[in-house]
$ cat structure.cif   # mmCIF, C-alpha atoms
data_final
#
loop_
_atom_site.label_atom_id
_atom_site.label_comp_id
_atom_site.auth_asym_id
_atom_site.auth_seq_id
_atom_site.Cartn_x
_atom_site.Cartn_y
_atom_site.Cartn_z
CA MET A 149 10.89 33.02 -82.27
CA LYS A 150 14.14 34.09 -80.62
CA PRO A 151 15.17 37.75 -80.42
CA ALA A 152 18.13 38.82 -82.54
CA ALA A 153 21.41 39.77 -80.87
CA PHE A 154 21.78 43.16 -79.20
CA GLU A 155 24.13 44.98 -76.86
CA TYR A 156 22.75 45.25 -73.34
CA HIS A 157 23.18 48.29 -71.10
CA ALA A 158 21.98 48.57 -67.52
CA PRO A 159 22.44 52.18 -66.38
CA THR A 160 21.69 53.14 -62.78
CA THR A 161 21.07 56.88 -63.18
CA ILE A 162 18.78 58.91 -65.43
CA ASP A 163 21.76 60.90 -66.78
CA GLU A 164 23.54 57.70 -67.73
CA ALA A 165 20.38 56.29 -69.37
CA VAL A 166 19.71 59.34 -71.56
CA ALA A 167 23.42 59.57 -72.50
CA LEU A 168 23.28 55.95 -73.69
CA LEU A 169 20.04 56.66 -75.54
CA ALA A 170 21.56 59.72 -77.27
CA GLU A 171 24.53 57.59 -78.33
CA HIS A 172 22.64 54.53 -79.56
CA ALA A 173 19.18 55.77 -80.68
CA PRO A 174 20.46 56.67 -84.19
CA ASN A 175 21.43 53.00 -84.59
CA ASP A 176 18.05 51.70 -83.41
CA GLY A 177 18.87 51.65 -79.72
CA ARG A 178 15.77 51.37 -77.54
CA ILE A 179 14.67 51.71 -73.95
CA LEU A 180 13.70 48.43 -72.26
CA ALA A 181 11.29 48.88 -69.34
CA GLY A 182 8.69 46.13 -68.72
CA GLY A 183 9.33 44.54 -72.11
CA GLN A 184 5.83 43.09 -72.34
CA SER A 185 5.29 44.60 -75.81
CA LEU A 186 8.90 45.07 -76.97
CA VAL A 187 10.11 41.52 -76.30
CA PRO A 188 7.29 39.77 -78.27
CA THR A 189 7.99 42.17 -81.15
CA MET A 190 11.65 41.16 -80.95
CA ALA A 191 10.72 37.46 -80.81
CA PHE A 192 8.85 37.89 -84.09
CA ARG A 193 11.88 39.83 -85.42
CA LEU A 194 9.55 42.72 -86.23
CA ALA A 195 11.97 44.75 -84.14
CA ARG A 196 15.73 44.13 -84.12
CA PRO A 197 17.15 46.84 -81.88
CA THR A 198 20.94 46.83 -81.85
CA HIS A 199 21.14 48.19 -78.30
CA LEU A 200 18.76 47.82 -75.37
CA ILE A 201 19.02 50.29 -72.51
CA ASP A 202 17.39 48.57 -69.55
CA ILE A 203 16.00 51.21 -67.16
CA ASN A 204 14.81 48.76 -64.48
CA ASN A 205 17.82 49.53 -62.26
CA VAL A 206 17.69 53.30 -62.71
CA ALA A 207 17.12 55.08 -59.40
CA LYS A 208 14.25 57.57 -58.99
CA LEU A 209 12.17 56.27 -61.90
CA ASP A 210 9.75 54.46 -59.57
CA LYS A 211 8.06 57.64 -58.39
CA LEU A 212 4.32 57.35 -57.80
CA ALA A 213 3.16 60.42 -55.89
CA ILE A 214 0.98 63.51 -55.99
CA GLU A 215 2.96 66.66 -56.81
CA ASP A 216 1.51 70.06 -57.69
CA GLY A 217 -2.01 68.74 -58.19
CA ALA A 218 -1.03 65.83 -60.44
CA LEU A 219 -0.34 62.13 -59.95
CA CYS A 220 3.26 61.66 -61.16
CA ILE A 221 3.94 58.20 -62.55
CA GLY A 222 7.61 57.34 -63.11
CA ALA A 223 8.95 55.24 -65.97
CA THR A 224 9.31 52.00 -64.01
CA VAL A 225 5.91 52.02 -62.24
CA ARG A 226 4.17 48.73 -63.12
CA HIS A 227 0.52 48.25 -64.06
CA ALA A 228 0.10 46.09 -60.94
CA GLN A 229 0.81 49.10 -58.73
CA PHE A 230 -2.67 50.35 -59.65
CA HIS A 231 -4.40 47.13 -58.45
CA THR A 232 -5.04 49.17 -55.29
CA PRO A 233 -5.62 52.95 -55.53
CA ALA A 234 -2.34 54.78 -56.20
CA CYS A 235 -3.76 57.96 -54.67
CA ASP A 236 -6.74 59.11 -52.62
CA GLY A 237 -9.91 60.28 -54.29
CA ILE A 238 -11.61 59.71 -57.63
CA LEU A 239 -8.44 59.43 -59.75
CA GLY A 240 -7.02 56.53 -57.71
CA HIS A 241 -10.38 54.76 -57.91
CA LEU A 242 -10.61 55.34 -61.67
CA LEU A 243 -7.12 53.94 -62.37
CA THR A 244 -7.84 50.84 -60.26
CA ASN A 245 -11.07 50.31 -62.18
CA VAL A 246 -9.26 50.55 -65.53
CA VAL A 247 -6.16 48.44 -64.73
CA SER A 248 -8.01 45.12 -64.46
CA ASN A 249 -8.73 45.42 -68.20
CA ILE A 250 -5.03 45.56 -69.11
CA ALA A 251 -3.77 42.22 -70.43
CA HIS A 252 -3.41 39.59 -67.67
CA TYR A 253 -2.11 39.39 -64.11
CA PRO A 254 1.50 38.25 -64.89
CA ILE A 255 1.83 40.83 -67.69
CA ARG A 256 0.67 43.55 -65.27
CA GLN A 257 3.49 42.60 -62.86
CA ARG A 258 6.17 43.55 -65.42
CA GLY A 259 4.58 45.97 -67.88
CA THR A 260 4.88 49.67 -67.07
CA PHE A 261 2.46 52.59 -67.30
CA CYS A 262 4.95 54.81 -69.15
CA GLY A 263 5.96 51.94 -71.44
CA SER A 264 2.33 51.65 -72.60
CA ILE A 265 2.18 55.39 -73.22
CA ALA A 266 5.46 55.41 -75.19
CA HIS A 267 4.45 52.28 -77.15
CA SER A 268 1.15 53.99 -78.03
CA ASP A 269 -0.91 51.01 -79.13
CA PRO A 270 -4.33 52.42 -80.14
CA ALA A 271 -5.95 49.77 -77.90
CA SER A 272 -3.98 50.82 -74.80
CA GLU A 273 -6.18 51.69 -71.85
CA TRP A 274 -3.53 53.94 -70.30
CA CYS A 275 -3.16 55.91 -73.54
CA MET A 276 -6.90 56.59 -73.52
CA VAL A 277 -6.74 57.59 -69.84
CA ALA A 278 -3.86 59.99 -70.60
CA ALA A 279 -5.72 61.51 -73.56
CA THR A 280 -9.06 61.83 -71.75
CA LEU A 281 -7.64 63.34 -68.57
CA ASP A 282 -5.20 65.72 -70.35
CA ALA A 283 -2.05 64.15 -68.94
CA THR A 284 1.35 65.74 -69.48
CA MET A 285 4.27 63.62 -70.67
CA VAL A 286 7.71 64.52 -69.34
CA ALA A 287 10.38 63.64 -71.91
CA GLN A 288 14.02 63.66 -70.84
CA SER A 289 17.08 63.78 -73.08
CA VAL A 290 20.69 64.90 -72.70
CA SER A 291 19.54 68.40 -73.69
CA GLY A 292 17.00 68.64 -70.87
CA GLU A 293 13.34 67.97 -70.23
CA ARG A 294 10.30 68.74 -72.37
CA HIS A 295 6.62 68.70 -71.38
CA ILE A 296 4.21 67.39 -74.00
CA ALA A 297 0.41 67.66 -73.69
CA ALA A 298 -1.50 64.44 -74.43
CA ALA A 299 -3.30 66.10 -77.36
CA GLU A 300 0.11 66.66 -79.01
CA PHE A 301 1.65 63.35 -77.96
CA PHE A 302 -0.30 60.55 -79.67
CA GLU A 303 0.18 60.83 -83.45
CA THR A 304 -0.96 57.55 -84.96
CA VAL A 305 -0.58 53.79 -84.48
CA MET A 306 2.50 53.23 -82.27
CA THR A 307 3.78 56.69 -83.15
CA THR A 308 4.24 59.55 -80.69
CA SER A 309 5.89 62.95 -80.73
CA LEU A 310 8.74 61.65 -78.53
CA ASN A 311 12.10 62.18 -80.22
CA GLU A 312 14.31 59.13 -80.63
CA ASP A 313 16.77 60.39 -78.00
CA GLU A 314 14.04 61.10 -75.44
CA LEU A 315 13.13 58.90 -72.49
CA LEU A 316 9.52 59.17 -71.30
CA ARG A 317 10.61 59.82 -67.72
CA GLU A 318 7.24 60.51 -66.17
CA VAL A 319 3.54 61.00 -66.90
CA ARG A 320 1.51 63.51 -64.88
CA ILE A 321 -2.26 63.12 -64.60
CA PRO A 322 -4.17 66.04 -63.07
CA VAL A 323 -6.00 65.04 -59.87
CA LEU A 324 -9.80 64.91 -60.27
CA SER A 325 -11.95 66.99 -57.93
CA ASP A 326 -14.11 65.08 -55.44
CA ASP A 327 -17.31 66.01 -57.28
CA THR A 328 -16.07 64.48 -60.58
CA VAL A 329 -17.93 61.39 -61.77
CA TYR A 330 -16.52 58.94 -64.29
CA GLY A 331 -17.51 55.91 -66.33
CA PHE A 332 -15.35 53.40 -68.22
CA GLN A 333 -16.42 50.81 -70.79
CA GLU A 334 -14.35 48.49 -72.97
CA PHE A 335 -15.31 45.77 -75.42
CA ASN A 336 -13.15 42.90 -76.61
CA ARG A 337 -13.88 39.30 -77.46
CA ARG A 338 -11.74 37.60 -74.79
CA ALA A 339 -10.61 38.59 -71.30
CA GLY A 340 -7.38 40.57 -71.53
CA ASP A 341 -7.51 40.95 -75.29
CA PHE A 342 -7.01 44.20 -77.22
CA ALA A 343 -9.94 46.63 -77.06
CA ILE A 344 -12.01 46.87 -80.23
CA SER A 345 -13.36 50.11 -78.78
CA MET A 346 -13.50 51.70 -75.35
CA SER A 347 -14.57 54.92 -73.71
CA LEU A 348 -13.74 56.90 -70.60
CA VAL A 349 -15.92 59.84 -69.59
CA THR A 350 -15.75 62.33 -66.71
CA TYR A 351 -17.85 65.33 -65.81
CA ARG A 352 -19.04 67.46 -62.87
CA LEU A 353 -22.48 68.86 -62.05
CA GLU A 354 -23.23 72.50 -61.26
CA ALA A 355 -26.87 73.34 -60.46
CA GLY A 356 -27.86 70.01 -61.98
CA LYS A 357 -26.13 70.68 -65.31
CA ILE A 358 -23.06 68.93 -66.78
CA VAL A 359 -19.87 71.00 -66.69
CA ASP A 360 -16.35 70.22 -67.91
CA PRO A 361 -17.26 67.00 -69.75
CA HIS A 362 -14.41 64.84 -71.02
CA VAL A 363 -15.29 62.09 -73.49
CA GLY A 364 -12.37 59.90 -74.52
CA VAL A 365 -12.45 57.12 -77.10
CA GLY A 366 -9.70 54.54 -77.63
CA GLY A 367 -9.23 51.39 -79.69
CA ALA A 368 -11.54 52.58 -82.45
CA GLU A 369 -9.23 55.06 -84.18
CA ASP A 370 -5.49 55.10 -84.86
CA ARG A 371 -4.95 56.97 -81.58
CA PRO A 372 -6.95 57.76 -78.45
CA ARG A 373 -8.39 61.26 -78.13
CA ARG A 374 -11.07 63.45 -76.60
CA ILE A 375 -14.11 63.77 -78.85
CA THR A 376 -15.04 67.45 -78.67
CA GLU A 377 -18.33 66.97 -80.59
CA ALA A 378 -19.56 64.58 -77.89
CA GLU A 379 -18.40 66.92 -75.13
CA ALA A 380 -20.31 69.81 -76.78
CA ALA A 381 -23.45 67.66 -76.77
CA LEU A 382 -23.14 67.21 -73.00
CA ALA A 383 -22.04 70.63 -71.73
CA GLY A 384 -24.84 72.49 -69.98
CA GLN A 385 -27.30 69.58 -70.28
CA SER A 386 -29.01 67.62 -67.52
CA PRO A 387 -27.52 64.13 -67.22
CA GLY A 388 -29.93 61.59 -68.65
CA ASP A 389 -30.89 59.48 -71.61
CA ASP A 390 -31.41 62.38 -74.07
CA ALA A 391 -28.02 63.98 -73.46
CA PHE A 392 -26.20 60.63 -73.27
CA ARG A 393 -27.67 59.40 -76.56
CA ALA A 394 -26.88 62.70 -78.27
CA ALA A 395 -23.27 62.51 -77.05
CA ALA A 396 -22.95 58.86 -78.11
CA GLU A 397 -24.23 59.64 -81.59
CA ALA A 398 -21.95 62.66 -81.86
CA ALA A 399 -18.95 60.49 -80.90
CA ALA A 400 -19.86 57.79 -83.42
CA ALA A 401 -20.22 60.38 -86.18
CA ALA A 402 -16.96 62.14 -85.29
CA ILE A 403 -14.58 59.19 -85.30
CA ASP A 404 -12.65 57.74 -88.22
CA PRO A 405 -12.63 54.05 -87.28
CA MET A 406 -9.89 51.57 -88.16
CA GLU A 407 -10.88 48.42 -90.01
CA ASP A 408 -9.44 44.92 -89.80
CA HIS A 409 -10.32 41.42 -91.00
CA ALA A 410 -13.00 40.99 -88.34
CA THR A 411 -14.27 44.53 -87.82
CA ASN A 412 -15.51 47.06 -90.36
CA ALA A 413 -15.86 50.80 -89.74
CA GLN A 414 -19.64 50.75 -89.26
CA TYR A 415 -19.35 48.07 -86.58
CA ARG A 416 -16.78 50.12 -84.68
CA ARG A 417 -18.98 53.23 -84.98
CA ASP A 418 -22.01 51.42 -83.58
CA LEU A 419 -19.94 49.84 -80.84
CA THR A 420 -18.40 53.19 -79.91
CA ALA A 421 -21.85 54.81 -79.63
CA THR A 422 -22.95 52.03 -77.28
CA LEU A 423 -19.80 52.22 -75.14
CA VAL A 424 -19.90 56.02 -74.82
CA ARG A 425 -23.57 55.85 -73.78
CA ARG A 426 -22.88 53.08 -71.24
CA ALA A 427 -19.84 54.92 -69.86
CA LEU A 428 -22.03 58.01 -69.34
CA GLU A 429 -24.69 55.87 -67.66
CA ASN A 430 -22.00 54.42 -65.37
CA ALA A 431 -20.86 57.92 -64.51
CA ALA A 432 -24.39 59.01 -63.65
CA SER A 433 -25.25 55.95 -61.56
CA MET B 42 28.11 41.00 -81.95
CA SER B 43 27.21 40.93 -78.29
CA ASP B 44 29.50 39.69 -75.58
CA LYS B 45 28.45 37.14 -73.02
CA LYS B 46 28.07 38.34 -69.45
CA ASP B 47 28.54 36.40 -66.24
CA ILE B 48 25.50 36.25 -63.99
CA THR B 49 24.21 34.28 -61.03
CA LEU B 50 20.69 32.86 -61.29
CA THR B 51 19.22 31.59 -58.05
CA ILE B 52 16.70 28.94 -59.03
CA ASN B 53 14.84 27.17 -56.20
CA ASP B 54 17.53 28.30 -53.72
CA ARG B 55 20.39 26.94 -55.81
CA ASP B 56 22.91 29.30 -57.41
CA HIS B 57 23.79 28.80 -61.07
CA ASN B 58 26.88 30.76 -62.17
CA ILE B 59 26.55 31.03 -65.91
CA SER B 60 27.62 33.13 -68.85
CA VAL B 61 24.71 34.46 -70.92
CA ASP B 62 24.15 36.13 -74.25
CA PRO B 63 21.86 39.14 -73.57
CA ARG B 64 19.38 37.97 -76.21
CA TRP B 65 18.61 34.72 -74.38
CA THR B 66 15.23 34.82 -72.65
CA LEU B 67 14.97 33.82 -69.00
CA ALA B 68 12.99 30.74 -70.12
CA ASP B 69 15.80 29.56 -72.40
CA VAL B 70 18.43 30.25 -69.74
CA ILE B 71 16.49 28.28 -67.12
CA ARG B 72 15.98 25.34 -69.47
CA ASP B 73 19.09 25.19 -71.64
CA HIS B 74 21.76 26.59 -69.36
CA CYS B 75 20.57 25.62 -65.89
CA GLY B 76 19.06 22.27 -66.90
CA GLN B 77 15.71 22.95 -65.26
CA THR B 78 13.40 21.71 -68.01
CA GLY B 79 10.21 21.68 -65.95
CA THR B 80 9.42 25.17 -67.23
CA HIS B 81 7.78 24.81 -70.64
CA LEU B 82 7.79 27.12 -73.65
CA GLY B 83 4.59 27.34 -75.66
CA CYS B 84 4.13 30.44 -77.78
CA GLU B 85 7.34 32.33 -76.88
CA HIS B 86 5.56 35.68 -77.17
CA GLY B 87 3.73 36.10 -73.90
CA ILE B 88 0.29 34.79 -74.79
CA CYS B 89 0.08 31.22 -73.45
CA GLY B 90 1.67 31.44 -70.01
CA ALA B 91 3.25 27.94 -70.13
CA CYS B 92 6.61 29.50 -69.16
CA THR B 93 5.28 31.30 -66.06
CA VAL B 94 7.80 31.27 -63.18
CA LEU B 95 8.07 33.27 -59.97
CA VAL B 96 10.65 36.06 -59.96
CA ASP B 97 10.99 37.46 -56.44
CA ASP B 98 7.72 35.62 -55.66
CA THR B 99 5.78 37.32 -58.47
CA PRO B 100 4.44 35.32 -61.44
CA VAL B 101 5.96 36.51 -64.73
CA ARG B 102 6.28 35.17 -68.28
CA SER B 103 9.86 33.95 -68.50
CA CYS B 104 9.77 34.30 -72.31
CA LEU B 105 9.25 38.07 -71.93
CA MET B 106 12.25 38.72 -69.73
CA PHE B 107 15.90 38.33 -70.63
CA GLY B 108 17.98 36.01 -68.48
CA ILE B 109 20.49 38.78 -67.90
CA GLN B 110 17.73 40.83 -66.20
CA ALA B 111 17.25 38.12 -63.59
CA ASP B 112 20.84 38.36 -62.30
CA GLY B 113 20.69 38.15 -58.51
CA LYS B 114 16.93 37.63 -58.40
CA LYS B 115 15.17 34.76 -56.67
CA ILE B 116 13.54 32.44 -59.19
CA ARG B 117 11.12 29.64 -58.39
CA THR B 118 10.08 26.99 -60.91
CA VAL B 119 7.88 23.91 -60.80
CA GLU B 120 10.88 21.81 -59.66
CA GLY B 121 10.86 23.72 -56.38
CA LEU B 122 7.24 23.07 -55.43
CA ALA B 123 7.52 19.59 -53.88
CA LYS B 124 9.42 19.25 -50.60
CA GLY B 125 11.27 15.94 -51.02
CA ASN B 126 8.60 13.29 -51.55
CA GLU B 127 5.83 15.56 -50.31
CA TYR B 128 3.91 17.24 -53.11
CA HIS B 129 2.76 20.85 -52.81
CA PRO B 130 -0.99 21.20 -52.03
CA LEU B 131 -1.50 22.56 -55.54
CA GLN B 132 0.20 19.55 -57.12
CA LYS B 133 -1.97 17.22 -55.03
CA ALA B 134 -5.12 19.14 -55.95
CA PHE B 135 -4.22 18.95 -59.66
CA MET B 136 -3.88 15.15 -59.37
CA GLU B 137 -7.05 14.70 -57.35
CA ASN B 138 -9.15 16.90 -59.62
CA HIS B 139 -7.80 15.62 -62.94
CA ALA B 140 -6.54 19.14 -63.72
CA LEU B 141 -3.95 17.97 -66.25
CA GLN B 142 -4.36 16.01 -69.43
CA CYS B 143 -1.34 16.37 -71.72
CA GLY B 144 0.39 18.33 -68.94
CA TYR B 145 2.17 20.82 -71.14
CA CYS B 146 0.55 23.92 -69.59
CA THR B 147 0.66 22.50 -66.04
CA PRO B 148 3.99 24.00 -64.81
CA GLY B 149 2.81 27.46 -65.87
CA PHE B 150 -0.58 27.07 -64.20
CA LEU B 151 1.06 25.73 -61.02
CA MET B 152 3.46 28.67 -60.74
CA LEU B 153 0.73 31.21 -61.57
CA ALA B 154 -1.53 29.67 -58.91
CA THR B 155 1.31 29.46 -56.37
CA GLY B 156 2.08 33.14 -56.85
CA ILE B 157 -1.51 34.30 -56.49
CA LEU B 158 -2.39 32.05 -53.53
CA GLU B 159 0.72 33.19 -51.63
CA ALA B 160 -0.10 36.86 -52.35
CA GLN B 161 -3.86 36.56 -51.76
CA PRO B 162 -4.71 33.46 -49.68
CA ASP B 163 -8.36 34.60 -49.41
CA ILE B 164 -8.84 35.33 -53.11
CA SER B 165 -12.48 35.05 -54.25
CA ASP B 166 -13.65 32.56 -56.88
CA ASP B 167 -14.31 35.40 -59.32
CA ASP B 168 -10.89 36.99 -58.86
CA LEU B 169 -9.29 33.56 -59.19
CA ASN B 170 -11.10 33.01 -62.52
CA ASP B 171 -9.74 36.33 -63.71
CA VAL B 172 -6.14 35.44 -62.76
CA LEU B 173 -6.39 31.92 -64.23
CA SER B 174 -7.62 33.42 -67.53
CA SER B 175 -3.96 34.51 -67.98
CA ASN B 176 -2.85 31.06 -69.16
CA LEU B 177 -3.97 28.76 -71.98
CA CYS B 178 -4.69 25.02 -71.83
CA ARG B 179 -4.94 23.57 -75.32
CA CYS B 180 -6.70 20.48 -73.89
CA THR B 181 -9.32 23.03 -72.71
CA GLY B 182 -9.31 21.50 -69.24
CA TYR B 183 -10.15 24.79 -67.57
CA ALA B 184 -13.06 23.59 -65.43
CA ASN B 185 -10.87 21.08 -63.60
CA ILE B 186 -7.94 23.53 -63.32
CA ILE B 187 -10.24 26.06 -61.65
CA LYS B 188 -11.66 23.32 -59.40
CA ALA B 189 -8.15 22.22 -58.38
CA VAL B 190 -6.89 25.71 -57.59
CA ARG B 191 -10.00 26.45 -55.51
CA ALA B 192 -9.49 23.18 -53.62
CA ALA B 193 -5.82 24.02 -53.00
CA ARG B 194 -6.77 27.50 -51.82
CA ASP B 195 -9.20 26.04 -49.27
CA GLU B 196 -6.67 23.38 -48.22
CA MET B 197 -3.83 25.87 -47.80
CA LYS B 198 -6.07 28.23 -45.83
CA ALA B 199 -7.19 25.42 -43.51
CA ALA B 200 -3.57 24.35 -42.96
CA SER B 201 -2.30 27.84 -42.14
#

$ encode --input "structure.cif" --output "structure tokens"
Amino acid sequence: MKPAAFEYHAPTTIDEAVALLAEHAPNDGRILAGGQSLVPTMAFRLARPTHLIDINNVAKLDKLAIEDGALCIGATVRHAQFHTPACDGILGHLLTNVVSNIAHYPIRQRGTFCGSIAHSDPASEWCMVAATLDATMVAQSVSGERHIAAAEFFETVMTTSLNEDELLREVRIPVLSDDTVYGFQEFNRRAGDFAISMSLVTYRLEAGKIVDPHVGVGGAEDRPRRITEAEAALAGQSPGDDAFRAAAEAAAAAIDPMEDHATNAQYRRDLTATLVRRALENAAS
Amino acid sequence: MSDKKDITLTINDRDHNISVDPRWTLADVIRDHCGQTGTHLGCEHGICGACTVLVDDTPVRSCLMFGIQADGKKIRTVEGLAKGNEYHPLQKAFMENHALQCGYCTPGFLMLATGILEAQPDISDDDLNDVLSSNLCRCTGYANIIKAVRAARDEMKAAS
């Protein structure tokens, strides 16, 4: 239950951090941000990184601001910074609604938004938010920066398209228009526990009909994603029980649920249908 | 493989100049190298909260932070709650409400509650329940822990 030995680096600039990462990543060097997932993994010796590059003292990684129509979240922004709205409007409200479901209060003081995205646990609320709202991940390495769309970022359980020498420097979430409505639903057995399934939905109304629906599902599959079949069932429809049930059923049919000792695939399908329907009802209310 | 590094840990306003291996958690450094054994270790992977301390006045799991990361930071542990012979209102409330049985989780609960009551003196009962759900009590004495923290909140508010 004690982490194995490692070399510790505490860079103070982004250039220094990515140079260290380029040097040590081939020998299992890792970035240490909040450490709320990495350190337990090290305590179990499931991870034995030889070098840790601690980015907590790196200047300019604590950015949390609107730029070019997107909320930019830097690599050292903590979950707790969303306890109150991080920006005006619907997006700030949405993130504050979601954050209370992430682990527990002390964990939220250390854990970081970008750390969750890079760790890519299927049950991560932030990963589902990023996938549903089409966030862009900004990866930085010694060779420059690369922008990765959420749909191309999450690959499978704890696996992303980040290269080993890339630091997830920032995540950009497009601002939601004032007429966007959203709903969020998560199910787990204990407060703060991992989601067995969860759903985030957003849409707008034009002449009483649903436009630009986003239906995200997380926790149920090996990665969070938008469910296009459910979105197709909503587009152009009037919000209400018929459309919501059709979308929920479409989502349940479209997913490929994970199974574990306590949860079989059919249970996760049924649960996902219920959560998508309730999220849509939340959005409409 | 890794070299020790010299750091200064400020625990309850007292400086400890020590040499640490980077792999040592803050909890182990506080207990084994600064002699402050009031902080307890339960699960050592961030689930139970027994090791909760305040780092720059914020409650964190000291098993999920490395000691080397706390260099120069202000750490508060259960040993710093009482002022001389005068117990902290939370400590008194825990005694009066029978909020500890075996006592193993108590330092963690006290530091968690101290952190939240200092940050949000007017916290609602519901929000307090949510925060207190962070830590585990294997004696399952939650009802009395919640009662004690509510009593301390009211007491601290009245005194301020």

$ closest_residue --input "structure.cif" --among "A:Ser289, A:Gln333, A:Asn245, A:Gln184" --to "chain B" --atoms "only C-alpha atoms"
A:Gln184

$ closest_atom_pairs --input "structure.cif" --of "chain A" --to "chain B" --cutoff "12 Å" --atoms "all atoms listed in the file" --output "tab-separated table"
residue	atom	partner	partner_atom	distance
A:Met149	CA	B:Glu85	CA	6.5
A:Lys150	CA	B:Trp65	CA	7.7
A:Pro151	CA	B:Arg64	CA	6.0
A:Ala152	CA	B:Arg64	CA	6.5
A:Ala153	CA	B:Arg64	CA	5.4
A:Phe154	CA	B:Ser43	CA	5.9
A:Glu155	CA	B:Ser43	CA	5.3
A:Tyr156	CA	B:Pro63	CA	6.2
A:His157	CA	B:Pro63	CA	9.6
A:Ala158	CA	B:Gln110	CA	8.9
A:Leu180	CA	B:Met106	CA	10.1
A:Ala181	CA	B:Met106	CA	10.2
A:Gly182	CA	B:Met106	CA	8.3
A:Gly183	CA	B:Leu105	CA	6.5
A:Gln184	CA	B:Leu105	CA	6.1
A:Ser185	CA	B:Leu105	CA	8.6
A:Leu186	CA	B:Leu105	CA	8.6
A:Val187	CA	B:Leu105	CA	5.6
A:Pro188	CA	B:His86	CA	4.6
A:Thr189	CA	B:His86	CA	8.0
A:Met190	CA	B:His86	CA	9.0
A:Ala191	CA	B:His86	CA	6.6
A:Phe192	CA	B:His86	CA	8.0
A:Arg193	CA	B:His86	CA	11.2
A:Arg196	CA	B:Arg64	CA	10.7
A:Pro197	CA	B:Arg64	CA	10.8
A:Thr198	CA	B:Met42	CA	9.2
A:His199	CA	B:Ser43	CA	9.5
A:Leu200	CA	B:Pro63	CA	9.4
A:Ile201	CA	B:Gln110	CA	11.4
A:Asp202	CA	B:Gln110	CA	8.4
A:Ile203	CA	B:Gln110	CA	10.6
A:Asn204	CA	B:Gln110	CA	8.6
A:Asn205	CA	B:Gln110	CA	9.6
A:Ala228	CA	B:Thr99	CA	10.7
A:Ser248	CA	B:Asp171	CA	9.0
A:Asn249	CA	B:Asp171	CA	10.2
A:Ile250	CA	B:Ser175	CA	11.2
A:Ala251	CA	B:Ser175	CA	8.1
A:His252	CA	B:Ser175	CA	5.1
A:Tyr253	CA	B:Val172	CA	5.8
A:Pro254	CA	B:Val101	CA	4.8
A:Ile255	CA	B:Val101	CA	6.7
A:Arg256	CA	B:Val101	CA	8.8
A:Gln257	CA	B:Val101	CA	6.8
A:Arg258	CA	B:Val101	CA	7.1
A:Gly259	CA	B:Leu105	CA	10.0
A:Arg338	CA	B:Ser174	CA	9.3
A:Ala339	CA	B:Ser174	CA	7.1
A:Gly340	CA	B:Ser175	CA	7.8
A:Asp341	CA	B:Ile88	CA	10.0

$ resolve_selection --input "structure.cif" --expression "the PyMOL selection byres ((chain B and resi 73-83) around 7)" --output "PyMOL selection string"
chain B and resi 57+69-72+84-85+89+91-92+118-120+145+148

$ write_last_selection --input "structure.cif" --atoms "C-alpha atoms" --output "compact mmCIF listing (two decimals), in the coordinates of the input"
# COMPACT_ATOMS: atom_id res chain seq x y z
CA HIS B 57 23.79 28.80 -61.07
CA ASP B 69 15.80 29.56 -72.40
CA VAL B 70 18.43 30.25 -69.74
CA ILE B 71 16.49 28.28 -67.12
CA ARG B 72 15.98 25.34 -69.47
CA CYS B 84 4.13 30.44 -77.78
CA GLU B 85 7.34 32.33 -76.88
CA CYS B 89 0.08 31.22 -73.45
CA ALA B 91 3.25 27.94 -70.13
CA CYS B 92 6.61 29.50 -69.16
CA THR B 118 10.08 26.99 -60.91
CA VAL B 119 7.88 23.91 -60.80
CA GLU B 120 10.88 21.81 -59.66
CA TYR B 145 2.17 20.82 -71.14
CA PRO B 148 3.99 24.00 -64.81

$ resolve_selection --input "structure.cif" --expression "the PyMOL selection byres ((chain A and resi 343) around 8)" --output "list in words"
Ala271, Ser272, Glu334, Phe335, Asn336, Asp341, Phe342, Ile344, Ser345, Met346, Gly366 and Gly367 of chain A

$ resolve_selection --input "structure.cif" --expression "the PyMOL selection byres ((chain B and resi 178) around 10)" --output "PyMOL selection string"
chain B and resi 89-91+141-147+149-150+174+176-177+179-183+186

$ atom_distance --input "structure.cif" --atom1 "atom CA of A:Leu315" --atom2 "atom CA of A:Ala223"
8.6 Å

$ closest_residue --input "structure.cif" --among "B:Gln161, B:Ile52, B:Met136, B:Gly125" --to "B:Ala192" --atoms "all atoms listed in the file"
B:Met136

$ closest_residue --input "structure.cif" --among "A:Lys208, A:His241, A:Arg294, A:Arg178" --to "A:Ile162" --atoms "all atoms listed in the file"
A:Lys208

$ atom_distance --input "structure.cif" --atom1 "atom CA of A:Tyr351" --atom2 "atom CA of A:Pro233"
20.2 Å

$ axis_aligned_box --input "structure.cif" --around "stretch 138-151 of chain B" --padding-each-side "5 Å" --output "lines of an AutoDock Vina configuration file"
center_x = -2.6
center_y = 21.5
center_z = -65.7
size_x = 23.1
size_y = 21.8
size_z = 22.1

$ closest_residue --input "structure.cif" --among "B:Thr155, B:Ala160, B:His139, B:Asn170" --to "B:Ala189" --atoms "only C-alpha atoms"
B:His139

$ atom_distance --input "structure.cif" --atom1 "atom CA of A:Ala297" --atom2 "atom CA of A:Thr284"
4.7 Å

$ residues_around --input "structure.cif" --residues "stretch 298-312 of chain A" --least-positions-apart "3" --cutoff "6 Å" --atoms "all atoms listed in the file" --output "PyMOL selection string"
chain A and resi 173+267-270+279+282-284+370-371

$ residues_around --input "structure.cif" --residues "A:Val349" --least-positions-apart "6" --cutoff "7 Å" --atoms "all atoms listed in the file" --output "ChimeraX atom specification"
/A:330-332,362-364,427-428
